[in-house]
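*Asks:* Provided herewith: input-v7.txt, compact mmCIF, C-alpha atoms and all ligand atoms.
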# COMPACT_ATOMS: atom_id res chain seq x y z
CA MET O 1 30.49 -58.96 115.69
CA ARG O 2 33.95 -59.17 117.24
CA ILE O 3 36.56 -58.05 114.77
CA GLY O 4 40.29 -58.86 114.79
CA ILE O 5 42.47 -56.21 113.17
CA MET O 6 46.12 -56.85 112.40
CA SER O 7 49.13 -55.15 110.87
CA ALA O 8 52.71 -56.31 110.54
CA MET O 9 54.20 -53.11 111.93
CA HIS O 10 53.51 -51.07 115.02
CA GLU O 11 53.51 -47.83 112.98
CA GLU O 12 50.64 -49.13 110.87
CA ILE O 13 48.27 -49.98 113.70
CA ASN O 14 49.34 -47.60 116.46
CA ALA O 15 46.83 -44.89 115.55
CA LEU O 16 44.01 -47.46 115.64
CA ILE O 17 45.15 -48.76 119.03
CA GLN O 18 45.08 -45.17 120.35
CA THR O 19 41.45 -44.95 119.20
CA VAL O 20 40.24 -47.97 121.24
CA LYS O 21 38.38 -46.80 124.34
CA SER O 22 40.20 -47.95 127.52
CA PRO O 23 41.74 -51.01 125.86
CA ARG O 24 42.45 -54.18 127.84
CA THR O 25 45.98 -55.31 126.99
CA THR O 26 47.07 -58.96 127.08
CA ARG O 27 50.62 -60.20 126.48
CA LEU O 28 50.70 -63.63 124.91
CA GLY O 29 53.31 -65.44 122.80
CA ASP O 30 55.48 -62.30 122.68
CA ARG O 31 52.67 -60.17 121.22
CA SER O 32 50.32 -57.56 122.70
CA TYR O 33 46.57 -57.79 122.06
CA TYR O 34 44.39 -54.73 122.63
CA GLU O 35 40.68 -55.42 123.26
CA GLY O 36 37.99 -52.79 123.42
CA ASP O 37 35.45 -50.63 121.66
CA LEU O 38 36.53 -49.24 118.30
CA TRP O 39 33.91 -46.71 117.11
CA GLY O 40 31.11 -48.87 118.54
CA THR O 41 32.47 -52.25 117.35
CA GLU O 42 34.02 -54.85 119.64
CA ALA O 43 37.60 -55.18 118.41
CA VAL O 44 40.88 -56.92 119.18
CA LEU O 45 43.97 -55.30 117.67
CA ALA O 46 47.45 -56.74 117.30
CA PHE O 47 50.62 -56.09 115.41
CA SER O 48 52.03 -59.38 114.27
CA ARG O 49 55.61 -58.47 113.29
CA TRP O 50 56.89 -59.38 109.84
CA GLY O 51 56.62 -62.62 107.93
CA LYS O 52 54.45 -65.68 107.50
CA VAL O 53 55.20 -67.43 110.79
CA ALA O 54 54.71 -64.31 112.93
CA SER O 55 51.43 -63.42 111.26
CA ALA O 56 50.14 -67.02 111.28
CA SER O 57 50.72 -67.36 115.03
CA THR O 58 49.13 -63.96 115.71
CA VAL O 59 46.00 -64.65 113.68
CA ALA O 60 45.63 -68.12 115.26
CA THR O 61 45.72 -66.44 118.68
CA LEU O 62 43.12 -63.87 117.58
CA ILE O 63 40.84 -66.71 116.46
CA LEU O 64 41.38 -69.24 119.26
CA LYS O 65 42.03 -67.10 122.32
CA PHE O 66 40.16 -63.89 121.49
CA GLU O 67 37.38 -65.57 119.47
CA VAL O 68 37.16 -63.00 116.71
CA ASP O 69 34.47 -63.64 114.05
CA VAL O 70 36.19 -61.71 111.28
CA VAL O 71 39.81 -60.76 110.55
CA LEU O 72 41.04 -57.65 108.76
CA PHE O 73 44.69 -57.06 107.92
CA THR O 74 45.99 -53.69 106.79
CA GLY O 75 49.50 -52.99 105.60
CA VAL O 76 51.81 -52.03 102.78
CA ALA O 77 53.08 -53.88 99.72
CA GLY O 78 55.44 -53.63 96.79
CA ALA O 79 53.83 -53.22 93.35
CA MET O 80 54.05 -56.04 90.81
CA ASP O 81 51.56 -54.56 88.36
CA ASN O 82 53.06 -51.61 86.44
CA ALA O 83 49.71 -49.84 86.50
CA LEU O 84 49.99 -49.43 90.28
CA ASP O 85 51.47 -46.26 91.76
CA ILE O 86 52.67 -45.49 95.26
CA GLY O 87 49.61 -44.63 97.35
CA ASP O 88 47.24 -46.96 95.45
CA VAL O 89 45.45 -49.70 97.38
CA VAL O 90 44.96 -53.39 96.58
CA VAL O 91 42.07 -55.27 98.17
CA GLY O 92 43.30 -58.88 98.00
CA GLU O 93 41.17 -61.56 96.38
CA ALA O 94 43.41 -64.65 96.07
CA PHE O 95 46.52 -65.14 98.22
CA TYR O 96 49.56 -67.11 97.01
CA GLN O 97 52.72 -68.07 98.89
CA HIS O 98 55.36 -67.25 96.31
CA ASP O 99 58.08 -69.03 98.28
CA MET O 100 56.14 -72.30 98.68
CA ASP O 101 57.90 -74.89 96.54
CA ALA O 102 57.70 -78.56 97.51
CA ARG O 103 58.51 -79.84 94.02
CA PRO O 104 58.74 -82.55 92.86
CA ILE O 105 56.30 -83.90 95.45
CA PHE O 106 53.75 -81.08 94.97
CA LYS O 107 53.32 -78.51 92.22
CA GLN O 108 55.11 -75.18 92.69
CA PHE O 109 53.03 -72.92 95.02
CA GLU O 110 50.72 -75.77 96.10
CA ILE O 111 50.25 -75.77 99.88
CA PRO O 112 51.19 -79.35 100.81
CA LEU O 113 48.13 -81.44 101.73
CA ALA O 114 45.75 -78.48 101.40
CA GLY O 115 45.28 -79.38 97.72
CA LYS O 116 45.33 -75.74 96.62
CA SER O 117 47.73 -72.97 95.66
CA PHE O 118 45.77 -70.00 96.95
CA PHE O 119 43.17 -68.95 99.51
CA LEU O 120 40.29 -66.58 98.80
CA ALA O 121 39.23 -63.58 100.87
CA SER O 122 35.57 -63.06 101.80
CA LYS O 123 33.66 -61.51 98.87
CA LYS O 124 31.27 -59.78 101.26
CA LEU O 125 34.08 -58.16 103.27
CA ASN O 126 35.89 -57.19 100.07
CA THR O 127 32.84 -55.36 98.71
CA LYS O 128 32.73 -53.32 101.91
CA LEU O 129 36.49 -52.78 101.95
CA LEU O 130 36.42 -51.59 98.37
CA SER O 131 33.82 -48.91 99.05
CA ALA O 132 35.47 -47.95 102.37
CA THR O 133 38.76 -47.46 100.50
CA GLU O 134 37.18 -45.58 97.61
CA ALA O 135 35.50 -43.19 100.05
CA PHE O 136 38.81 -42.68 101.86
CA LEU O 137 40.81 -42.04 98.69
CA HIS O 138 38.25 -39.53 97.47
CA SER O 139 38.18 -37.66 100.78
CA ASP O 140 40.70 -35.01 101.75
CA ALA O 141 42.06 -37.21 104.56
CA ILE O 142 45.53 -37.41 102.99
CA ASP O 143 47.44 -34.14 103.52
CA ASP O 144 48.51 -32.30 100.39
CA ASP O 145 52.14 -32.12 101.53
CA VAL O 146 52.19 -35.90 102.13
CA LYS O 147 50.74 -36.41 98.63
CA LYS O 148 53.41 -34.13 97.22
CA THR O 149 56.26 -35.92 99.05
CA PHE O 150 55.23 -39.28 97.61
CA ALA O 151 54.01 -37.97 94.23
CA ILE O 152 50.51 -39.28 94.98
CA THR O 153 48.15 -37.59 92.53
CA ALA O 154 45.02 -39.66 91.92
CA PRO O 155 45.25 -42.72 94.18
CA LYS O 156 43.06 -45.64 93.11
CA VAL O 157 41.91 -48.95 94.59
CA ILE O 158 41.83 -52.24 92.73
CA THR O 159 41.10 -55.85 93.65
CA GLY O 160 43.31 -58.76 92.68
CA ALA O 161 45.74 -61.47 93.65
CA ILE O 162 48.48 -60.89 96.22
CA ALA O 163 51.63 -62.96 96.77
CA SER O 164 53.32 -63.33 100.15
CA GLY O 165 56.69 -64.73 101.09
CA ASP O 166 59.46 -64.42 103.65
CA LYS O 167 61.42 -62.06 101.43
CA PHE O 168 61.44 -58.29 101.17
CA VAL O 169 61.49 -57.91 97.39
CA SER O 170 64.03 -55.21 96.56
CA SER O 171 65.58 -56.18 93.24
CA ASN O 172 64.29 -56.35 89.69
CA LYS O 173 65.57 -59.92 89.49
CA ASP O 174 63.40 -61.13 92.39
CA ALA O 175 60.42 -59.08 91.21
CA GLU O 176 60.71 -60.49 87.67
CA ARG O 177 60.90 -64.05 88.98
CA ILE O 178 57.59 -63.59 90.83
CA LYS O 179 55.96 -61.77 87.90
CA GLN O 180 56.91 -64.58 85.50
CA ALA O 181 55.67 -67.35 87.77
CA LEU O 182 52.51 -65.61 89.02
CA PRO O 183 51.54 -63.02 86.36
CA GLN O 184 48.11 -62.42 87.93
CA VAL O 185 49.67 -61.02 91.13
CA LYS O 186 49.21 -57.27 91.72
CA CYS O 187 51.58 -56.81 94.67
CA VAL O 188 53.93 -58.59 97.08
CA GLU O 189 54.09 -58.56 100.84
CA MET O 190 55.13 -60.89 103.65
CA GLU O 191 52.03 -61.94 105.62
CA GLY O 192 48.72 -61.98 103.72
CA ALA O 193 48.76 -65.54 102.41
CA ALA O 194 49.71 -66.92 105.84
CA VAL O 195 46.80 -65.06 107.47
CA ALA O 196 44.59 -66.26 104.60
CA GLN O 197 45.56 -69.90 105.12
CA VAL O 198 44.92 -69.86 108.87
CA CYS O 199 41.58 -68.04 108.45
CA ALA O 200 40.52 -70.50 105.74
CA GLU O 201 41.46 -73.45 107.94
CA TYR O 202 39.34 -72.09 110.81
CA ASP O 203 36.59 -70.94 108.45
CA VAL O 204 36.88 -67.32 109.62
CA PRO O 205 36.07 -64.69 106.94
CA PHE O 206 38.95 -62.32 106.28
CA GLY O 207 39.86 -59.25 104.25
CA ILE O 208 43.34 -57.91 103.53
CA ILE O 209 44.15 -54.46 102.18
CA ARG O 210 47.57 -53.32 101.06
CA THR O 211 48.70 -49.81 100.25
CA ILE O 212 51.45 -49.68 97.65
CA SER O 213 54.57 -48.31 99.36
CA ASP O 214 57.22 -49.17 96.77
CA SER O 215 57.93 -50.77 93.41
CA ALA O 216 59.67 -53.89 94.78
CA ASN O 217 63.00 -52.83 93.26
CA HIS O 218 66.28 -51.25 94.44
CA THR O 219 64.45 -48.19 95.83
CA ALA O 220 62.02 -50.32 97.88
CA ASP O 221 63.74 -49.93 101.25
CA ILE O 222 63.99 -46.13 101.08
CA ASP O 223 60.39 -45.64 99.95
CA PHE O 224 59.09 -48.26 102.32
CA MET O 225 60.31 -46.91 105.67
CA LYS O 226 59.37 -43.33 104.90
CA PHE O 227 55.99 -44.30 103.50
CA THR O 228 55.13 -46.53 106.44
CA GLN O 229 55.95 -43.82 108.94
CA GLU O 230 54.19 -40.95 107.15
CA VAL O 231 51.33 -42.48 105.18
CA ALA O 232 50.40 -46.09 105.94
CA SER O 233 48.90 -45.49 109.37
CA LYS O 234 46.66 -42.73 107.96
CA TYR O 235 45.37 -45.08 105.29
CA SER O 236 44.73 -47.85 107.85
CA ILE O 237 42.77 -45.69 110.25
CA GLY O 238 40.81 -43.92 107.49
CA ILE O 239 39.81 -47.10 105.66
CA ILE O 240 38.92 -49.08 108.80
CA ARG O 241 36.88 -46.18 110.10
CA ASN O 242 34.87 -46.09 106.87
CA PHE O 243 34.58 -49.89 106.94
CA LEU O 244 33.06 -49.77 110.44
CA ASN O 245 30.76 -46.92 109.31
CA ALA O 246 32.12 -44.82 112.11
N1 LIG O 301 56.00 -54.80 101.86
C1 LIG O 301 56.12 -53.57 101.35
N2 LIG O 301 56.98 -53.55 100.31
C2 LIG O 301 57.40 -54.83 100.18
C3 LIG O 301 58.32 -55.45 99.29
N3 LIG O 301 58.95 -54.75 98.35
N4 LIG O 301 58.52 -56.78 99.44
C4 LIG O 301 57.89 -57.48 100.40
N5 LIG O 301 57.03 -56.94 101.26
C5 LIG O 301 56.78 -55.62 101.15
What would the structure in this file look like if it were written as structure tokens?
*Replies:*
Amino acid sequence: MRIGIMSAMHEEINALIQTVKSPRTTRLGDRSYYEGDLWGTEAVLAFSRWGKVASASTVATLILKFEVDVVLFTGVAGAMDNALDIGDVVVGEAFYQHDMDARPIFKQFEIPLAGKSFFLASKKLNTKLLSATEAFLHSDAIDDDVKKTFAITAPKVITGAIASGDKFVSSNKDAERIKQALPQVKCVEMEGAAVAQVCAEYDVPFGIIRTISDSANHTADIDFMKFTQEVASKYSIGIIRNFLNA
């Protein structure tokens, strides 16, 4: 198996890149791709940058140029479900593009000419991701002082729908609009549904995990930057390591 691993931010994937044994680096389309052995698995790592276009082009390159068989994406998200706390993890099942709206020609959220409004992650990968995440959250891999800083007490993992769009959601008004239109959605981010669409089109199984960094309201930017720097990379490396049985 050759696995492609992506994140939207350098901070989120840097620790994993450092773990690859003598990585071969390729610059292509303004991105860096790091190929090598990750705990005994052949891997290609990339950070896509933010948003649907950036992540779609990066995942297409992973599939077409680096011939990965499987894609994993790890990153952070803003909570839509009130039951989610900062430090919880969502393993994405169905991926919607909350800013896709070609009405009146197509229904709201329908991907034009794809005939669907969402793309589904691989069930098999999700089962593994769920247990990898559970094992990570129940380990002592997250420092107590980090937990204290972010008021993380009993972090949990759930599965569910995720919505992506080219918008950092940082107001109650925008969050409410998404909640009303897509009540099944657990969290929002800016890449997952684009990665999901490209993987589905190339028939490549994918799994996407998102750690809740903020509540998608007026505090989102403050929580987000701090969380990404201090916590997200630890979650990524810990969960992927468990996933690869390393
Ligand atoms: N990623 C993390 N938090 C987010 C938010 N509030 N909106 C969009 N993407 C995010």
*Asks:* Please list as a VMD selection string every residue within 6 Å of segment 32-40 of chain O, counting only C-alpha atoms and excluding residues in the same chain fewer than 3 positions away.
*Replies:* chain O and resid 20 to 21 23 to 27 43 to 46 246
*Asks:* Could I get the residue neighbourhood of ligand LIG 301 (chain O) at 7 Å, counting all atoms listed in the file, as an MDAnalysis selection string?
*Replies:* chainID O and resid 76:78 167:170 188:190 213:217 220 224
*Asks:* Output as JSON the centre and edge lengths (Å, one decimal) of the box along x, y and z of the file that holds every listed atom of segment 76-83 of chain O after adding 4 Å on each side.
*Replies:*
{"center_x": 52.6, "center_y": -52.9, "center_z": 94.6, "size_x": 13.7, "size_y": 14.2, "size_z": 24.3}
*Asks:* Which is closest to Gly238 of chain O among O:Val195, O:Ile212, O:Ile13, O:Ile63, if we use only C-alpha atoms?
*Replies:* O:Ile13
*Asks:* Could you state the separation of atom CA of Ile158 of chain O and atom CA of Val90 of chain O in Å, given to one decimal place?
*Replies:*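 We find that atom CA of Ile158 of chain O and atom CA of Val90 of chain O lie 5.1 Å from each other.
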*Asks:* Check the smallest atom-to-atom distance from each of O:Ser117, O:Leu129, O:Leu28, O:Ala194 to Ala102 of chain O using only C-alpha atoms, then report the winner.
*Replies:*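 Going through O:Ser117, O:Leu129, O:Leu28, O:Ala194 one by one, the smallest distance to Ala102 of chain O is for O:Ser117.
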*Asks:* May I have the protein, DNA and RNA residues with any atom at most 12 Å from the point (36.3, -62.2, 96.8), counting all atoms listed in the file, written as a list in words?
*Replies:*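 Answer for this query, in the requested form: Val91, Gly92, Glu93, Ala94, Phe95, Phe119, Leu120, Ala121, Ser122, Lys123, Lys124, Leu125, Asn126, Thr127, Lys128, Leu129, Leu130, Thr159, Gly160, Ala161, Pro205, Phe206, Gly207 and Ile208 of chain O.
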*Asks:* Taking into account only C-alpha atoms, which residue in the set O:Cys187, O:Val59, O:Ala193, O:Ile142 is nearest to Pro155 of chain O?
*Replies:*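 Under the stated criterion, the closest residue is O:Ile142.
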*Asks:* With distances taken over all atoms listed in the file, which of O:Ile105, O:Ile240, O:Ile178, O:Asp88 is nearest to Gly4 of chain O?
*Replies:*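 Using all atoms listed in the file, Gly4 of chain O sits closest to O:Ile240.
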*Asks:* Check the smallest atom-to-atom distance from each of O:Asp203, O:Glu191, O:Asp81, O:Asp166 to Asp69 of chain O using all atoms listed in the file, then report the winner.
*Replies:*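 So, comparing all the options, the nearest one is O:Asp203.
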*Asks:* So which one's closest to Lys186 of chain O, O:Asn82, O:Gln229, O:Ser171, O:Ser7? Using all atoms listed in the file, please.
*Replies:*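 The closest residue to Lys186 of chain O is O:Asn82.
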*Asks:* For the atom pair atom CA of Lys65 of chain O and atom CA of Glu12 of chain O, what is the interatomic distance in Å to one decimal place?
*Replies:*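 Those two atoms sit 23.0 Å apart.
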*Asks:* Please report the interatomic distance between atom CA of Asp143 of chain O and atom CA of Arg241 of chain O in Å with one decimal.
*Replies:*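 The value is 17.3 Å.
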*Asks:* Could you name the residues that touch Gln180 of chain O at 12 Å or less, counting all atoms listed in the file, but leaving out those on the same chain fewer than 5 positions away, as a VMD selection string?
*Replies:* chain O and resid 80 to 81 98 172 to 175 185
